[in-house]
Amino acid sequence: MTTASRLPEPYGQGGGANLADILERVLDKGIVIAGDIRINLLDIELLTVKLRLIVASVDKAKEMGIDWWEEDPALSSGARRGELARENAELRRRLEELEPAGDARKER
């Protein structure tokens with residue numbers, strides 16, 4: 001007489017999803033994890049920490065309207081170039097304001 005085993009099958013065997021499948025699904029659909037941590041002392045709120053975590057692919061994040069990394073100079077070379085171009089234009093403008101005053105001194 002044989003009895004069915006009640007032990008679960010090891011990972012990687014059978015029809016279960018593997019880590020790559022789960023990760024692909026999470027990145028494709030996106031997942032939001034939210035939570036608040038509050039520290040109170042005698043009904044006086046001392047500290048509140050709000051945690052919000054979104055895990056999604058870049059395409060899914062853009063689809064949701066999340067693209068802050070494109071404008072962050074620390075994360076985007078395009079944003080870094082844009083920031084340098086703005087700074088360069090501002091410095092040129094300030095230099096042009098100072099040069100006419102310098103030219104008038106030379107003519108005296």
# chains A, B, ... in the order shown; residues from 1 in each chain; ligands from 1
>>> select_by_dssp(residues="region 12-80 of chain A", states="strand (DSSP E)", output="PDB file with N, CA, C and O atoms, in the first residue's frame")
ATOM      1  N   ILE A  31       3.941  46.718  -8.308  1.00  0.00           N
ATOM      2  CA  ILE A  31       3.442  46.391  -6.975  1.00  0.00           C
ATOM      3  C   ILE A  31       3.707  47.598  -6.078  1.00  0.00           C
ATOM      4  O   ILE A  31       4.721  48.268  -6.198  1.00  0.00           O
ATOM      5  N   VAL A  32       2.770  47.907  -5.223  1.00  0.00           N
ATOM      6  CA  VAL A  32       2.907  49.020  -4.289  1.00  0.00           C
ATOM      7  C   VAL A  32       2.867  48.456  -2.884  1.00  0.00           C
ATOM      8  O   VAL A  32       1.977  47.685  -2.533  1.00  0.00           O
ATOM      9  N   ILE A  33       3.844  48.863  -2.090  1.00  0.00           N
ATOM     10  CA  ILE A  33       3.892  48.468  -0.681  1.00  0.00           C
ATOM     11  C   ILE A  33       3.845  49.772   0.113  1.00  0.00           C
ATOM     12  O   ILE A  33       4.669  50.660  -0.097  1.00  0.00           O
ATOM     13  N   ALA A  34       2.873  49.899   0.978  1.00  0.00           N
ATOM     14  CA  ALA A  34       2.710  51.133   1.743  1.00  0.00           C
ATOM     15  C   ALA A  34       2.527  50.804   3.217  1.00  0.00           C
ATOM     16  O   ALA A  34       1.921  49.795   3.558  1.00  0.00           O
ATOM     17  N   GLY A  35       3.049  51.655   4.049  1.00  0.00           N
ATOM     18  CA  GLY A  35       2.878  51.448   5.481  1.00  0.00           C
ATOM     19  C   GLY A  35       3.274  52.679   6.259  1.00  0.00           C
ATOM     20  O   GLY A  35       4.014  53.529   5.775  1.00  0.00           O
ATOM     21  N   ASP A  36       2.762  52.802   7.439  1.00  0.00           N
ATOM     22  CA  ASP A  36       3.083  53.919   8.322  1.00  0.00           C
ATOM     23  C   ASP A  36       3.603  53.369   9.639  1.00  0.00           C
ATOM     24  O   ASP A  36       3.090  52.374  10.149  1.00  0.00           O
ATOM     25  N   ILE A  37       4.610  54.016  10.162  1.00  0.00           N
ATOM     26  CA  ILE A  37       5.145  53.671  11.475  1.00  0.00           C
ATOM     27  C   ILE A  37       4.939  54.894  12.357  1.00  0.00           C
ATOM     28  O   ILE A  37       5.382  55.993  12.020  1.00  0.00           O
ATOM     29  N   ARG A  38       4.247  54.708  13.453  1.00  0.00           N
ATOM     30  CA  ARG A  38       3.986  55.808  14.374  1.00  0.00           C
ATOM     31  C   ARG A  38       4.511  55.450  15.760  1.00  0.00           C
ATOM     32  O   ARG A  38       4.278  54.347  16.242  1.00  0.00           O
ATOM     33  N   ILE A  39       5.180  56.411  16.352  1.00  0.00           N
ATOM     34  CA  ILE A  39       5.673  56.226  17.711  1.00  0.00           C
ATOM     35  C   ILE A  39       4.971  57.258  18.594  1.00  0.00           C
ATOM     36  O   ILE A  39       5.116  58.463  18.381  1.00  0.00           O
ATOM     37  N   ASN A  40       4.186  56.776  19.540  1.00  0.00           N
ATOM     38  CA  ASN A  40       3.432  57.629  20.456  1.00  0.00           C
ATOM     39  C   ASN A  40       3.900  57.387  21.880  1.00  0.00           C
ATOM     40  O   ASN A  40       4.280  56.280  22.243  1.00  0.00           O
ATOM     41  N   LEU A  41       3.835  58.438  22.662  1.00  0.00           N
ATOM     42  CA  LEU A  41       4.123  58.345  24.079  1.00  0.00           C
ATOM     43  C   LEU A  41       3.005  59.064  24.818  1.00  0.00           C
ATOM     44  O   LEU A  41       2.829  60.277  24.648  1.00  0.00           O
ATOM     45  N   ILE A  44       0.756  61.119  22.696  1.00  0.00           N
ATOM     46  CA  ILE A  44       1.415  62.227  22.003  1.00  0.00           C
ATOM     47  C   ILE A  44       2.263  61.626  20.895  1.00  0.00           C
ATOM     48  O   ILE A  44       3.153  60.808  21.152  1.00  0.00           O
ATOM     49  N   GLU A  45       1.967  62.040  19.689  1.00  0.00           N
ATOM     50  CA  GLU A  45       2.701  61.486  18.549  1.00  0.00           C
ATOM     51  C   GLU A  45       4.093  62.095  18.494  1.00  0.00           C
ATOM     52  O   GLU A  45       4.264  63.302  18.362  1.00  0.00           O
ATOM     53  N   LEU A  46       5.089  61.255  18.618  1.00  0.00           N
ATOM     54  CA  LEU A  46       6.471  61.717  18.601  1.00  0.00           C
ATOM     55  C   LEU A  46       7.090  61.638  17.214  1.00  0.00           C
ATOM     56  O   LEU A  46       7.872  62.491  16.830  1.00  0.00           O
ATOM     57  N   LEU A  47       6.726  60.586  16.488  1.00  0.00           N
ATOM     58  CA  LEU A  47       7.353  60.361  15.188  1.00  0.00           C
ATOM     59  C   LEU A  47       6.399  59.585  14.294  1.00  0.00           C
ATOM     60  O   LEU A  47       5.749  58.641  14.740  1.00  0.00           O
ATOM     61  N   THR A  48       6.322  60.004  13.039  1.00  0.00           N
ATOM     62  CA  THR A  48       5.567  59.259  12.038  1.00  0.00           C
ATOM     63  C   THR A  48       6.452  59.096  10.818  1.00  0.00           C
ATOM     64  O   THR A  48       7.012  60.076  10.322  1.00  0.00           O
ATOM     65  N   VAL A  49       6.593  57.881  10.361  1.00  0.00           N
ATOM     66  CA  VAL A  49       7.351  57.579   9.156  1.00  0.00           C
ATOM     67  C   VAL A  49       6.404  56.932   8.171  1.00  0.00           C
ATOM     68  O   VAL A  49       5.789  55.911   8.472  1.00  0.00           O
ATOM     69  N   LYS A  50       6.262  57.553   7.010  1.00  0.00           N
ATOM     70  CA  LYS A  50       5.397  57.001   5.973  1.00  0.00           C
ATOM     71  C   LYS A  50       6.282  56.335   4.927  1.00  0.00           C
ATOM     72  O   LYS A  50       7.168  56.972   4.371  1.00  0.00           O
ATOM     73  N   LEU A  51       6.042  55.068   4.716  1.00  0.00           N
ATOM     74  CA  LEU A  51       6.819  54.303   3.760  1.00  0.00           C
ATOM     75  C   LEU A  51       5.967  54.012   2.530  1.00  0.00           C
ATOM     76  O   LEU A  51       4.853  53.513   2.646  1.00  0.00           O
ATOM     77  N   ARG A  52       6.495  54.311   1.365  1.00  0.00           N
ATOM     78  CA  ARG A  52       5.830  54.005   0.109  1.00  0.00           C
ATOM     79  C   ARG A  52       6.885  53.423  -0.825  1.00  0.00           C
ATOM     80  O   ARG A  52       7.893  54.063  -1.084  1.00  0.00           O
ATOM     81  N   LEU A  53       6.657  52.243  -1.293  1.00  0.00           N
ATOM     82  CA  LEU A  53       7.596  51.559  -2.173  1.00  0.00           C
ATOM     83  C   LEU A  53       6.850  51.078  -3.397  1.00  0.00           C
ATOM     84  O   LEU A  53       5.835  50.398  -3.283  1.00  0.00           O
ATOM     85  N   ILE A  54       7.332  51.449  -4.560  1.00  0.00           N
ATOM     86  CA  ILE A  54       6.755  50.979  -5.816  1.00  0.00           C
ATOM     87  C   ILE A  54       7.830  50.191  -6.533  1.00  0.00           C
ATOM     88  O   ILE A  54       8.930  50.687  -6.754  1.00  0.00           O
ATOM     89  N   VAL A  55       7.508  48.968  -6.895  1.00  0.00           N
ATOM     90  CA  VAL A  55       8.416  48.121  -7.659  1.00  0.00           C
ATOM     91  C   VAL A  55       7.749  47.877  -9.001  1.00  0.00           C
ATOM     92  O   VAL A  55       6.669  47.303  -9.073  1.00  0.00           O
TER      93      VAL A  55
END
>>> residues_around(residues="region 60-70 of chain A", least_positions_apart="4", cutoff="8 Å", atoms="only C-alpha atoms", output="PDB file with N, CA, C and O atoms, in the first residue's frame")
ATOM      1  N   LEU A  27       7.347  43.092 -12.229  1.00  0.00           N
ATOM      2  CA  LEU A  27       7.820  44.240 -12.991  1.00  0.00           C
ATOM      3  C   LEU A  27       6.832  44.642 -14.068  1.00  0.00           C
ATOM      4  O   LEU A  27       6.682  45.819 -14.385  1.00  0.00           O
ATOM      5  N   ASP A  28       6.137  43.668 -14.649  1.00  0.00           N
ATOM      6  CA  ASP A  28       5.165  43.956 -15.697  1.00  0.00           C
ATOM      7  C   ASP A  28       3.931  44.644 -15.142  1.00  0.00           C
ATOM      8  O   ASP A  28       3.421  45.606 -15.709  1.00  0.00           O
ATOM      9  N   LYS A  29       3.436  44.185 -14.029  1.00  0.00           N
ATOM     10  CA  LYS A  29       2.211  44.726 -13.434  1.00  0.00           C
ATOM     11  C   LYS A  29       2.497  45.852 -12.456  1.00  0.00           C
ATOM     12  O   LYS A  29       1.719  46.779 -12.320  1.00  0.00           O
ATOM     13  N   GLY A  30       3.598  45.765 -11.738  1.00  0.00           N
ATOM     14  CA  GLY A  30       3.917  46.731 -10.705  1.00  0.00           C
ATOM     15  C   GLY A  30       3.309  46.293  -9.381  1.00  0.00           C
ATOM     16  O   GLY A  30       2.311  45.587  -9.342  1.00  0.00           O
ATOM     17  N   ALA A  56       8.395  48.364 -10.062  1.00  0.00           N
ATOM     18  CA  ALA A  56       7.834  48.210 -11.401  1.00  0.00           C
ATOM     19  C   ALA A  56       8.960  48.402 -12.409  1.00  0.00           C
ATOM     20  O   ALA A  56      10.029  48.926 -12.083  1.00  0.00           O
ATOM     21  N   LEU A  75      21.177  61.064 -11.554  1.00  0.00           N
ATOM     22  CA  LEU A  75      20.782  59.784 -12.148  1.00  0.00           C
ATOM     23  C   LEU A  75      20.718  59.809 -13.673  1.00  0.00           C
ATOM     24  O   LEU A  75      20.677  58.752 -14.293  1.00  0.00           O
ATOM     25  N   SER A  76      20.688  60.990 -14.277  1.00  0.00           N
ATOM     26  CA  SER A  76      20.485  61.080 -15.723  1.00  0.00           C
ATOM     27  C   SER A  76      21.548  61.965 -16.349  1.00  0.00           C
ATOM     28  O   SER A  76      21.701  63.128 -15.984  1.00  0.00           O
ATOM     29  N   GLY A  78      21.403  63.084 -19.351  1.00  0.00           N
ATOM     30  CA  GLY A  78      20.674  64.115 -20.083  1.00  0.00           C
ATOM     31  C   GLY A  78      20.312  65.283 -19.180  1.00  0.00           C
ATOM     32  O   GLY A  78      20.434  66.441 -19.553  1.00  0.00           O
ATOM     33  N   ALA A  79      19.854  64.984 -17.980  1.00  0.00           N
ATOM     34  CA  ALA A  79      19.519  66.039 -17.013  1.00  0.00           C
ATOM     35  C   ALA A  79      20.774  66.785 -16.593  1.00  0.00           C
ATOM     36  O   ALA A  79      20.753  67.999 -16.410  1.00  0.00           O
TER      37      ALA A  79
END
>>> select_by_dssp(residues="region 60-101 of chain A", states="helix (DSSP H, G or I)", output="count of residues only")
32
>>> closest_residue(among="A:Val26, A:Ala74, A:Leu42, A:Leu95", to="Ser57 (chain A)", atoms="only C-alpha atoms")
A:Val26
>>> atom_distance(atom1="CA of Asp59 (chain A)", atom2="CA of Asp72 (chain A)")
17.6 Å
